[in-house]
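As stored in final.cif (mmCIF, C-alpha atoms and all ligand atoms):
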data_protein
#
loop_
_atom_site.label_atom_id
_atom_site.label_comp_id
_atom_site.auth_asym_id
_atom_site.auth_seq_id
_atom_site.Cartn_x
_atom_site.Cartn_y
_atom_site.Cartn_z
CA MET A 1 29.42 -36.37 97.63
CA ALA A 2 30.26 -39.33 99.79
CA LYS A 3 31.38 -38.30 103.28
CA ASN A 4 33.43 -41.38 104.04
CA LYS A 5 36.09 -42.02 101.48
CA THR A 6 38.24 -45.11 101.52
CA ALA A 7 41.84 -44.07 101.89
CA ASN A 8 44.17 -44.96 99.06
CA VAL A 9 45.74 -48.19 100.18
CA GLU A 10 48.12 -50.48 98.45
CA PHE A 11 46.41 -53.83 98.42
CA ALA A 12 48.14 -57.10 97.88
CA PRO A 13 46.24 -60.31 98.48
CA ARG A 14 47.81 -62.27 101.28
CA GLY A 15 49.73 -65.30 100.16
CA ILE A 16 50.77 -63.86 96.81
CA SER A 17 53.23 -61.09 97.57
CA ASP A 18 54.21 -62.23 101.04
CA GLU A 19 57.82 -63.45 100.76
CA LYS A 20 57.47 -66.15 103.37
CA VAL A 21 54.36 -67.67 101.83
CA SER A 22 55.45 -67.52 98.21
CA ALA A 23 58.72 -69.31 98.85
CA VAL A 24 58.75 -72.97 97.76
CA GLN A 25 56.64 -74.79 100.29
CA LYS A 26 57.58 -78.14 101.66
CA GLY A 27 55.36 -81.18 101.11
CA VAL A 28 53.63 -82.69 104.11
CA ASP A 29 54.84 -83.09 107.67
CA LEU A 30 54.60 -86.79 108.39
CA PRO A 31 53.41 -88.00 111.78
CA VAL A 32 55.57 -90.62 113.47
CA ALA A 33 55.14 -94.10 111.98
CA THR A 34 53.84 -96.95 114.13
CA LYS A 35 56.34 -99.03 116.08
CA SER A 36 54.08 -102.11 116.00
CA LYS A 37 55.46 -105.28 114.49
CA HIS A 38 53.40 -107.18 111.93
CA LYS A 39 52.40 -110.03 114.22
CA ASP A 40 51.19 -107.54 116.88
CA MET A 41 48.80 -106.24 114.24
CA GLY A 42 47.58 -109.70 113.30
CA LEU A 43 49.45 -109.77 110.00
CA SER A 44 51.11 -113.03 108.93
CA ASP A 45 54.32 -113.39 106.92
CA ALA A 46 52.16 -114.31 103.93
CA ASP A 47 50.15 -111.07 104.39
CA LEU A 48 53.35 -109.04 104.23
CA LYS A 49 54.46 -110.75 101.05
CA ALA A 50 51.01 -110.06 99.56
CA MET A 51 51.26 -106.40 100.62
CA TYR A 52 54.68 -106.14 99.03
CA GLU A 53 53.44 -107.76 95.83
CA GLN A 54 50.46 -105.39 95.72
CA MET A 55 52.57 -102.25 96.18
CA TYR A 56 55.18 -103.43 93.70
CA LEU A 57 52.46 -104.20 91.14
CA GLN A 58 51.05 -100.67 91.43
CA ARG A 59 54.51 -99.12 91.12
CA ARG A 60 55.66 -101.12 88.10
CA PHE A 61 52.28 -100.85 86.37
CA GLU A 62 52.51 -97.08 86.47
CA GLU A 63 56.19 -96.87 85.56
CA ARG A 64 55.44 -98.90 82.43
CA ALA A 65 52.28 -96.87 81.76
CA MET A 66 54.38 -93.71 81.87
CA GLN A 67 56.84 -95.21 79.42
CA GLN A 68 54.06 -96.22 77.03
CA TYR A 69 52.52 -92.74 77.26
CA GLN A 70 55.85 -91.18 76.40
CA LYS A 71 56.11 -93.54 73.42
CA GLY A 72 52.78 -92.13 72.23
CA LYS A 73 50.85 -95.38 72.72
CA PHE A 74 48.02 -93.45 74.33
CA GLY A 75 47.16 -89.86 75.20
CA GLY A 76 44.89 -87.77 77.39
CA PHE A 77 45.41 -87.37 81.11
CA LEU A 78 47.61 -89.69 83.11
CA HIS A 79 47.84 -89.03 86.86
CA LEU A 80 50.33 -91.31 88.53
CA TYR A 81 49.99 -92.60 92.09
CA ILE A 82 53.70 -93.45 92.44
CA GLY A 83 54.79 -92.80 96.05
CA GLN A 84 51.29 -93.18 97.48
CA GLU A 85 50.94 -96.97 97.21
CA ALA A 86 51.00 -97.60 100.97
CA VAL A 87 47.70 -95.73 101.28
CA SER A 88 45.73 -97.98 98.93
CA THR A 89 47.45 -101.16 100.06
CA GLY A 90 47.22 -100.58 103.82
CA THR A 91 43.58 -99.58 103.47
CA VAL A 92 42.50 -102.50 101.30
CA PHE A 93 44.07 -104.93 103.76
CA ALA A 94 42.14 -103.27 106.60
CA LEU A 95 38.79 -103.33 104.79
CA ASN A 96 36.52 -106.26 104.11
CA ASP A 97 36.42 -107.22 100.45
CA ASP A 98 32.82 -106.06 100.09
CA ASP A 99 33.30 -102.63 101.66
CA ASP A 100 32.96 -99.81 99.15
CA ILE A 101 35.80 -97.70 97.79
CA ILE A 102 35.43 -94.60 95.67
CA THR A 103 38.26 -92.26 94.73
CA ALA A 104 39.31 -89.41 92.45
CA TYR A 105 41.20 -89.59 89.15
CA ARG A 106 44.51 -90.84 90.66
CA ASP A 107 42.93 -94.25 90.62
CA HIS A 108 45.10 -96.93 89.02
CA GLY A 109 46.51 -98.23 92.31
CA TRP A 110 43.03 -98.55 93.77
CA GLY A 111 41.79 -100.45 90.74
CA LEU A 112 44.68 -102.89 90.85
CA CYS A 113 44.01 -103.45 94.57
CA ARG A 114 40.39 -104.21 93.83
CA GLY A 115 40.71 -106.86 91.17
CA ILE A 116 41.42 -105.01 87.92
CA SER A 117 44.09 -107.14 86.26
CA ALA A 118 47.24 -105.57 84.84
CA ASN A 119 45.94 -106.61 81.39
CA ALA A 120 42.53 -104.93 81.83
CA GLY A 121 44.11 -101.84 83.42
CA MET A 122 46.73 -101.36 80.73
CA ALA A 123 44.16 -101.99 77.98
CA GLU A 124 41.95 -99.33 79.56
CA LEU A 125 44.80 -96.82 79.40
CA PHE A 126 45.33 -97.71 75.73
CA GLY A 127 41.60 -97.14 75.11
CA LYS A 128 41.05 -100.74 74.03
CA GLY A 129 37.80 -102.71 74.25
CA ALA A 130 39.41 -105.27 76.60
CA GLY A 131 39.94 -102.54 79.19
CA SER A 132 38.28 -102.49 82.60
CA SER A 133 35.79 -99.87 81.38
CA ARG A 134 35.77 -101.27 77.84
CA GLY A 135 38.23 -98.62 76.75
CA LYS A 136 35.78 -95.78 77.27
CA GLY A 137 36.88 -94.58 80.70
CA GLY A 138 40.64 -94.27 80.36
CA SER A 139 43.07 -93.40 83.11
CA MET A 140 40.64 -91.40 85.25
CA HIS A 141 37.81 -93.94 85.22
CA PHE A 142 39.05 -97.30 86.38
CA ALA A 143 36.19 -99.15 88.08
CA ASN A 144 35.25 -102.64 89.18
CA VAL A 145 31.80 -102.61 90.70
CA GLU A 146 31.78 -106.41 91.23
CA GLN A 147 34.52 -105.83 93.78
CA HIS A 148 32.86 -102.70 95.17
CA PHE A 149 35.32 -100.27 93.60
CA TRP A 150 33.16 -97.45 92.31
CA GLY A 151 35.86 -95.82 90.38
CA GLY A 152 37.91 -92.84 89.64
CA TYR A 153 36.13 -89.53 89.42
CA GLY A 154 37.35 -86.46 87.54
CA ILE A 155 35.61 -83.55 89.24
CA VAL A 156 37.55 -82.51 92.32
CA GLY A 157 35.39 -83.32 95.35
CA GLY A 158 32.45 -84.31 93.13
CA HIS A 159 32.43 -87.91 94.31
CA ILE A 160 32.35 -87.12 98.04
CA PRO A 161 28.52 -87.02 98.11
CA ILE A 162 28.55 -90.34 96.22
CA GLY A 163 30.79 -91.79 98.96
CA GLY A 164 28.22 -90.55 101.47
CA GLY A 165 25.45 -92.07 99.36
CA LEU A 166 27.16 -95.47 99.29
CA ALA A 167 27.36 -95.34 103.07
CA PHE A 168 23.71 -94.38 103.28
CA ALA A 169 22.79 -97.35 101.07
CA ASN A 170 24.74 -99.72 103.33
CA LYS A 171 23.04 -98.33 106.42
CA TYR A 172 19.61 -98.48 104.78
CA GLU A 173 20.20 -102.08 103.71
CA GLN A 174 21.62 -102.93 107.15
CA ASN A 175 24.21 -105.08 105.45
CA GLY A 176 27.13 -104.37 107.82
CA ARG A 177 29.29 -102.98 105.05
CA ILE A 178 31.07 -99.63 105.22
CA SER A 179 32.12 -97.11 102.60
CA THR A 180 35.40 -95.35 102.10
CA CYS A 181 35.86 -92.22 100.02
CA PHE A 182 39.31 -90.95 99.02
CA PHE A 183 40.16 -87.52 97.63
CA GLY A 184 43.06 -85.10 97.44
CA ASP A 185 43.97 -82.10 99.57
CA GLY A 186 42.61 -79.93 96.75
CA ALA A 187 39.10 -81.16 97.56
CA VAL A 188 38.89 -80.18 101.21
CA ASP A 189 37.36 -76.76 100.61
CA GLN A 190 34.77 -77.90 98.10
CA GLY A 191 31.22 -77.29 99.26
CA ALA A 192 30.34 -80.89 98.40
CA LEU A 193 32.67 -82.12 101.15
CA HIS A 194 31.04 -79.93 103.78
CA GLU A 195 27.50 -80.79 102.75
CA THR A 196 28.36 -84.48 102.89
CA PHE A 197 30.13 -84.22 106.26
CA ASN A 198 27.11 -82.53 107.76
CA ILE A 199 24.62 -85.15 106.65
CA ALA A 200 27.03 -88.04 107.33
CA GLN A 201 27.46 -86.95 110.94
CA LEU A 202 23.79 -86.12 111.37
CA TRP A 203 22.64 -89.50 110.08
CA GLY A 204 25.50 -91.54 111.52
CA LEU A 205 26.60 -92.92 108.18
CA PRO A 206 29.11 -95.80 108.18
CA ALA A 207 31.63 -93.85 106.09
CA ILE A 208 35.33 -93.07 106.21
CA PHE A 209 36.30 -89.93 104.36
CA VAL A 210 40.00 -89.89 103.64
CA VAL A 211 42.07 -87.04 102.31
CA GLU A 212 45.27 -88.28 100.70
CA ASN A 213 47.23 -85.13 101.48
CA ASN A 214 50.21 -85.30 99.13
CA GLY A 215 51.12 -81.69 99.81
CA TYR A 216 50.01 -80.31 96.45
CA SER A 217 46.90 -79.57 94.47
CA MET A 218 48.32 -79.50 90.95
CA GLY A 219 51.20 -77.00 91.44
CA THR A 220 49.84 -75.29 94.55
CA ALA A 221 51.19 -76.34 97.92
CA ALA A 222 48.52 -77.27 100.47
CA LYS A 223 49.96 -74.60 102.74
CA ARG A 224 49.08 -72.01 100.10
CA HIS A 225 45.61 -73.25 99.10
CA THR A 226 43.99 -74.05 102.42
CA VAL A 227 43.90 -72.57 105.90
CA ALA A 228 44.50 -74.40 109.18
CA GLU A 229 45.20 -78.10 109.56
CA ILE A 230 43.16 -80.11 107.09
CA VAL A 231 42.15 -82.72 109.67
CA ASP A 232 40.58 -79.97 111.81
CA ARG A 233 37.70 -79.77 109.32
CA ALA A 234 36.30 -82.70 111.33
CA LYS A 235 35.89 -80.54 114.45
CA GLY A 236 33.22 -78.39 112.82
CA TYR A 237 31.05 -81.48 112.47
CA GLY A 238 31.95 -83.21 115.72
CA MET A 239 33.37 -85.99 113.57
CA LYS A 240 36.01 -88.45 114.75
CA SER A 241 39.36 -87.91 113.06
CA ALA A 242 42.94 -89.10 112.73
CA VAL A 243 46.20 -88.26 110.97
CA ILE A 244 48.23 -91.13 109.53
CA ASN A 245 51.72 -91.50 108.08
CA GLY A 246 50.98 -92.61 104.52
CA MET A 247 54.58 -93.47 103.66
CA ASP A 248 54.36 -96.50 105.93
CA VAL A 249 51.97 -99.30 105.05
CA PHE A 250 51.89 -100.60 108.67
CA SER A 251 50.77 -97.19 109.97
CA VAL A 252 47.98 -97.06 107.38
CA TYR A 253 46.88 -100.64 108.05
CA GLU A 254 46.94 -100.40 111.84
CA LYS A 255 44.95 -97.18 112.14
CA MET A 256 42.55 -97.95 109.30
CA LYS A 257 41.79 -101.32 110.89
CA GLU A 258 40.95 -99.63 114.18
CA ILE A 259 38.78 -97.08 112.36
CA THR A 260 36.93 -99.65 110.24
CA ASP A 261 36.14 -101.65 113.38
CA ASP A 262 34.79 -98.51 115.04
CA VAL A 263 32.67 -97.50 112.03
CA ARG A 264 31.23 -100.99 111.68
CA LYS A 265 30.37 -101.13 115.37
CA ASN A 266 29.03 -97.63 115.95
CA SER A 267 27.88 -96.46 112.51
CA GLU A 268 29.58 -93.07 112.81
CA PRO A 269 31.72 -91.42 110.16
CA TRP A 270 35.41 -90.54 110.40
CA PHE A 271 37.56 -87.97 108.65
CA VAL A 272 41.10 -89.22 108.17
CA GLU A 273 44.07 -87.28 106.83
CA ILE A 274 46.68 -89.61 105.40
CA ARG A 275 49.84 -87.67 104.64
CA THR A 276 51.76 -88.93 101.65
CA TYR A 277 53.81 -87.76 98.68
CA ARG A 278 53.58 -88.19 94.92
CA TYR A 279 56.91 -88.60 93.19
CA ARG A 280 55.70 -87.68 89.71
CA GLY A 281 54.05 -84.50 88.51
CA HIS A 282 50.35 -83.84 88.89
CA SER A 283 49.87 -85.33 85.42
CA MET A 284 52.24 -85.98 82.54
CA SER A 285 52.36 -82.33 81.46
CA ASP A 286 53.57 -80.92 84.77
CA PRO A 287 57.03 -79.24 84.68
CA GLN A 288 57.10 -79.40 88.52
CA LYS A 289 58.56 -75.94 89.08
CA TYR A 290 56.83 -75.66 92.44
CA ARG A 291 59.10 -78.04 94.31
CA THR A 292 62.78 -78.79 94.56
CA LYS A 293 64.60 -81.95 93.55
CA GLU A 294 65.91 -82.13 97.11
CA GLU A 295 62.40 -82.19 98.53
CA LEU A 296 61.40 -85.05 96.24
CA GLU A 297 64.54 -86.98 97.17
CA GLU A 298 63.77 -86.56 100.87
CA TYR A 299 60.53 -88.50 100.44
CA GLN A 300 62.06 -91.04 98.07
CA LYS A 301 64.51 -91.87 100.84
CA ILE A 302 61.58 -93.09 102.91
CA ASP A 303 59.91 -94.93 100.06
CA PRO A 304 57.09 -97.19 101.36
CA ILE A 305 58.03 -100.14 99.16
CA GLU A 306 61.69 -100.05 100.16
CA ARG A 307 60.63 -99.64 103.77
CA LEU A 308 58.53 -102.81 103.71
CA LYS A 309 61.28 -104.69 101.90
CA THR A 310 63.82 -103.70 104.58
CA TYR A 311 61.42 -104.81 107.31
CA MET A 312 60.81 -108.15 105.62
CA LEU A 313 64.54 -108.77 105.37
CA ASP A 314 65.31 -107.56 108.91
CA TYR A 315 62.58 -109.69 110.48
CA LYS A 316 63.27 -112.67 108.22
CA VAL A 317 59.77 -112.62 106.74
CA ALA A 318 61.29 -113.34 103.34
CA THR A 319 64.76 -113.83 101.90
CA GLY A 320 66.24 -111.52 99.29
CA SER A 321 65.74 -114.17 96.62
CA ALA A 322 62.10 -114.74 97.61
CA ILE A 323 61.47 -111.01 97.25
CA LYS A 324 63.27 -110.99 93.91
CA LYS A 325 60.97 -113.79 92.77
CA ILE A 326 57.91 -111.66 93.57
CA GLU A 327 59.42 -108.72 91.68
CA ASP A 328 60.28 -110.84 88.64
CA LYS A 329 56.77 -112.27 88.54
CA ILE A 330 55.25 -108.79 88.58
CA GLU A 331 57.75 -107.53 86.02
CA GLN A 332 56.62 -110.26 83.61
CA GLU A 333 52.95 -109.63 84.35
CA ILE A 334 53.36 -105.97 83.42
CA LEU A 335 55.35 -106.67 80.27
CA ASP A 336 52.64 -109.12 79.21
CA ALA A 337 50.01 -106.47 79.98
CA VAL A 338 51.70 -103.94 77.71
CA GLU A 339 51.81 -106.49 74.90
CA PHE A 340 48.19 -107.45 75.56
CA ALA A 341 47.04 -103.82 75.49
CA ASP A 342 49.03 -103.03 72.37
CA ASN A 343 47.55 -105.96 70.46
CA ALA A 344 43.97 -105.53 71.70
CA GLU A 345 41.25 -104.02 69.51
CA PHE A 346 39.74 -100.58 69.92
CA PRO A 347 36.02 -100.62 70.73
CA LYS A 348 33.84 -100.84 67.64
CA PRO A 349 32.13 -97.61 66.51
CA GLU A 350 28.71 -99.15 67.17
CA GLU A 351 29.69 -99.69 70.83
CA LEU A 352 29.87 -95.93 71.33
CA TYR A 353 26.31 -95.70 72.64
CA GLU A 354 26.51 -98.76 74.88
CA ASP A 355 27.12 -98.63 78.65
CA MET A 356 25.42 -95.29 79.03
CA PHE A 357 23.33 -94.40 82.06
CA VAL A 358 20.35 -93.72 79.83
CA GLU A 359 20.54 -96.22 76.98
CA ASP A 360 17.91 -94.59 74.81
CA ASN A 361 19.12 -91.03 74.86
CA PRO A 362 17.59 -89.20 71.88
CA TYR A 363 20.29 -86.52 71.96
CA PHE A 364 23.00 -89.04 71.23
CA HIS A 365 21.06 -90.90 68.58
CA THR A 366 20.67 -88.33 65.84
C1 LIG B 401 35.79 -78.91 90.39
C2 LIG B 401 37.12 -79.00 89.71
N1 LIG B 401 37.92 -77.91 89.71
C3 LIG B 401 39.13 -77.96 89.10
C4 LIG B 401 39.54 -79.11 88.49
C5 LIG B 401 40.91 -79.18 87.85
N2 LIG B 401 41.79 -80.00 88.66
C6 LIG B 401 42.03 -81.27 88.34
S1 LIG B 401 43.01 -81.99 89.45
C7 LIG B 401 43.14 -80.63 90.40
C8 LIG B 401 43.97 -80.63 91.65
C9 LIG B 401 43.48 -81.51 92.73
O1 LIG B 401 44.49 -81.79 93.67
P1 LIG B 401 44.28 -82.76 94.87
O2 LIG B 401 42.87 -82.76 95.26
O3 LIG B 401 45.28 -82.38 95.90
O4 LIG B 401 44.60 -84.21 94.29
P2 LIG B 401 45.97 -84.83 93.81
O5 LIG B 401 46.07 -84.48 92.34
O6 LIG B 401 47.06 -84.24 94.60
O7 LIG B 401 45.83 -86.30 93.98
C10 LIG B 401 42.41 -79.60 89.83
C11 LIG B 401 42.32 -78.25 90.40
C12 LIG B 401 38.67 -80.23 88.52
N3 LIG B 401 39.00 -81.39 87.95
N4 LIG B 401 37.49 -80.14 89.15
MG MG B 402 47.09 -83.27 96.40
#

Please re-express this file's structure in C-alpha cells.
Amino acid sequence: MAKNKTANVEFAPRGISDEKVSAVQKGVDLPVATKSKHKDMGLSDADLKAMYEQMYLQRRFEERAMQQYQKGKFGGFLHLYIGQEAVSTGTVFALNDDDDIITAYRDHGWGLCRGISANAGMAELFGKGAGSSRGKGGSMHFANVEQHFWGGYGIVGGHIPIGGGLAFANKYEQNGRISTCFFGDGAVDQGALHETFNIAQLWGLPAIFVVENNGYSMGTAAKRHTVAEIVDRAKGYGMKSAVINGMDVFSVYEKMKEITDDVRKNSEPWFVEIRTYRYRGHSMSDPQKYRTKEELEEYQKIDPIERLKTYMLDYKVATGSAIKKIEDKIEQEILDAVEFADNAEFPKPEELYEDMFVEDNPYFHT
C-alpha cells in the first residue's frame, strides 16, 4: 500500500473557472502614438496621399470581398485584415522594395501593398486562373515573389523559420536586404518561434519578427492564452525589442524605419509587438461571442484610416475633395476587380498538377 496518498483536492485549471479571468477580456492596450509630424519623419505630402490610398485600397478590397463571399461567389476561409491596415502600410513604407515579407493567412493587405493588383487579388479569392496564385492558393495564399512577398501561410507559426531562412539567405548573399516576418499573437508560444529566435540571435540574422497582436487568437483573448507580456519573449534571447501602436500609421512607420536602419547596419534581429485590432471576426464563420460591441466600437473610434484623413485635412496635406477623388478611384478599381474576377475562367483541369514544388510527383500522377 502506498504510504503517501494525495489528498482529495478539488482541481480546477487556472484561467477556466476563475471569475476574473473568464470575464470578457479587453483587446490590446495601445502604447501612446507618436507626436511626430510627417515632415519630421521625412514623409512628403505625396507620401501621405499614397499611404492613404494604400490603406483605403486594403479596406475597400476586403469589404467587397466579404460582400462577394456572402453572395456565395466563393467559399473556404476568408480572414479579413480590416482594422489592421496601418501595420502593413506603415511597414511597407519603412522597408526597401526588395526587403522580404512573409506573413500568416491574414494576408490580403500585405499582398496589395506588395504589387498584387485588385484584379489579381479578387480573382484569387474567386479561385480563378487570373488570380495571383493562378486560383490555386485562395485567400490564405496570396504571394508575389517578384516583389519579395513570400506569401500567406496557414499553419500558425509555421512560417517563422522560413522568415529566419530568408534572413539567413540575405546574410549569406551579403546583399544588404533584410527580412520581415509577421504573425499573430496566437503564434508566440509555438516552438518554431523559439527555435528561430535562438538561431536568429546566435547568427545575427538581419530579420525583424513582428507579432501583430490584435488581442485574440480565434476567440481566445491573448490575456487568456499566453502568460506575461508578449514582447518580453525577446528578453530570453537577448534580442532587441519594441512595442508599437498599430492603430496609427505614423507610429508604425517611424519605429519600423528606425528598426530597419538598425538591422541593416548591425545585422541583428528584432522582436516587435505591434498592437492592433481586427474589426471583423477571426474568419467569416465567427459569431464573435468573446467580445462586446462596445469594445469593438472603442477601437473603431480610433480607426487608422480616419486618423490619417483627419491629419491630412488638419495639416492641409490634401483637401476634402482631393481625398474624395482618391476614394472614388479606389472604389472604381474594386468594382472593376469584382467584375473581372466574376468573368474570369477557372483554371483548366490539366493545370492541376502545374506549379507544384516537385513537378514529377508519382503520387499525384496515378
Ligand atoms: C499549428 C496550428 N494550430 C492551429 C491552427 C488553427 N488556427 C488557425 S488560425 C488560429 C488562431 C491564430 O490567431 P493569431 O495568431 O492571433 O492570428 P490572427 O488570426 O489574430 O491574425 C488557429 C488556432 C492552425 N492553423 N495551425
Ligand atoms: Mg490574433

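Listed by chain and then residue number, the contacts of ligand LIG 401 (chain B) are A:Arg106, A:Gly154, A:Ile155, A:Val156, A:Phe183, A:Gly184, A:Asp185, A:Gly186, A:Ala187, A:Asn214, A:Tyr216, A:Ser217, A:Met218, A:His282 (distance at most 6 Å, using only C-alpha atoms and all ligand atoms).
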
Show me as a VMD selection string the residues that reach within 12 Å of (56.1, -105.4, 100.0), counting all atoms listed in the file and using the file's own coordinates.
-> chain A and resid 45 to 59 85 to 86 89 to 90 248 to 250 303 to 313 317 to 318 320 322 to 324 326 to 327 330

Of the candidates A:Ala341, A:Ala234, A:Ala123, A:Ile274, which one gets nearest to Leu30 of chain A if we count all atoms listed in the file?
->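 Smallest distance to Leu30 of chain A is found for A:Ile274.
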
Extract, using only C-alpha atoms, all DNA, RNA and protein residues at most 10 Å from segment 264-267 of chain A, discarding same-chain residues fewer than 6 positions from it, and format them as JSON, numbers by chain.
-> {"A": [167, 171, 176, 177, 178, 179, 200, 201, 203, 204, 205, 206, 207]}

Tell me, in Å to one decimal, how far atom CA of Val32 of chain A is from atom CA of Lys240 of chain A.
-> 19.7 Å

Can you pull out every residue within 9 Å of segment 92-99 of chain A, counting only C-alpha atoms, but drop anything in the same chain fewer than 2 positions away, and send it as a ChimeraX atom specification?
-> /A:47,51,87-90,101,110,113-114,146-149,176-180,252-258,260

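Atom CA of Tyr315 of chain A sits 12.0 Å away from atom CA of Ser44 of chain A.
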
Atom-to-atom span, atom CA of Asp100 of chain A and atom CA of Gly165 of chain A, Å =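 Spanning atom CA of Asp100 of chain A to atom CA of Gly165 of chain A is a straight-line distance of 10.8 Å.
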
For Ser132 of chain A: contacts at 10 Å, all atoms listed in the file, fewer than 2 positions along chain excluded, given as a list in words =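 Non-adjacent residues within range: Gly111, Gly115, Ile116, Ser117, Ala118, Asn119, Ala120, Gly121, Met122, Ala123, Glu124, Leu125, Gly127, Lys128, Gly129, Ala130, Arg134, Gly135, Lys136, Gly137, Gly138, His141, Phe142, Ala143 and Asn144 of chain A.
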
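The smallest atom-to-atom distance between ligand MG 402 (chain B) and any of A:Lys289, A:Arg280, A:Lys316, A:Lys325, using all atoms listed in the file, is found for A:Arg280.
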
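Shortest separation to ligand MG 402 (chain B) among A:Val210, A:Cys181, A:Ala221, A:Val338 occurs at residue A:Ala221, atoms counted being only C-alpha atoms and all ligand atoms.
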
Closest of A:His159, A:Lys39, A:His79, A:His108 to ligand MG 402 (chain B), counting only C-alpha atoms and all ligand atoms, is A:His79

Pick from A:Lys223, A:His194, A:Arg60, A:Lys73: nearest to ligand MG 402 (chain B), with all atoms listed in the file counted?
-> A:Lys223

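With distances taken over all atoms listed in the file, A:Phe182 is the one residue among A:Trp270, A:Tyr353, A:Trp150, A:Phe182 lying closest to ligand MG 402 (chain B).
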
Test item: residues at most 9 Å from Gln84 of chain A, only C-alpha atoms, excluding those fewer than 5 positions along its chain, as JSON, numbers by chain = {"A": [109, 212, 214, 246, 247, 276, 277, 278, 279, 304]}
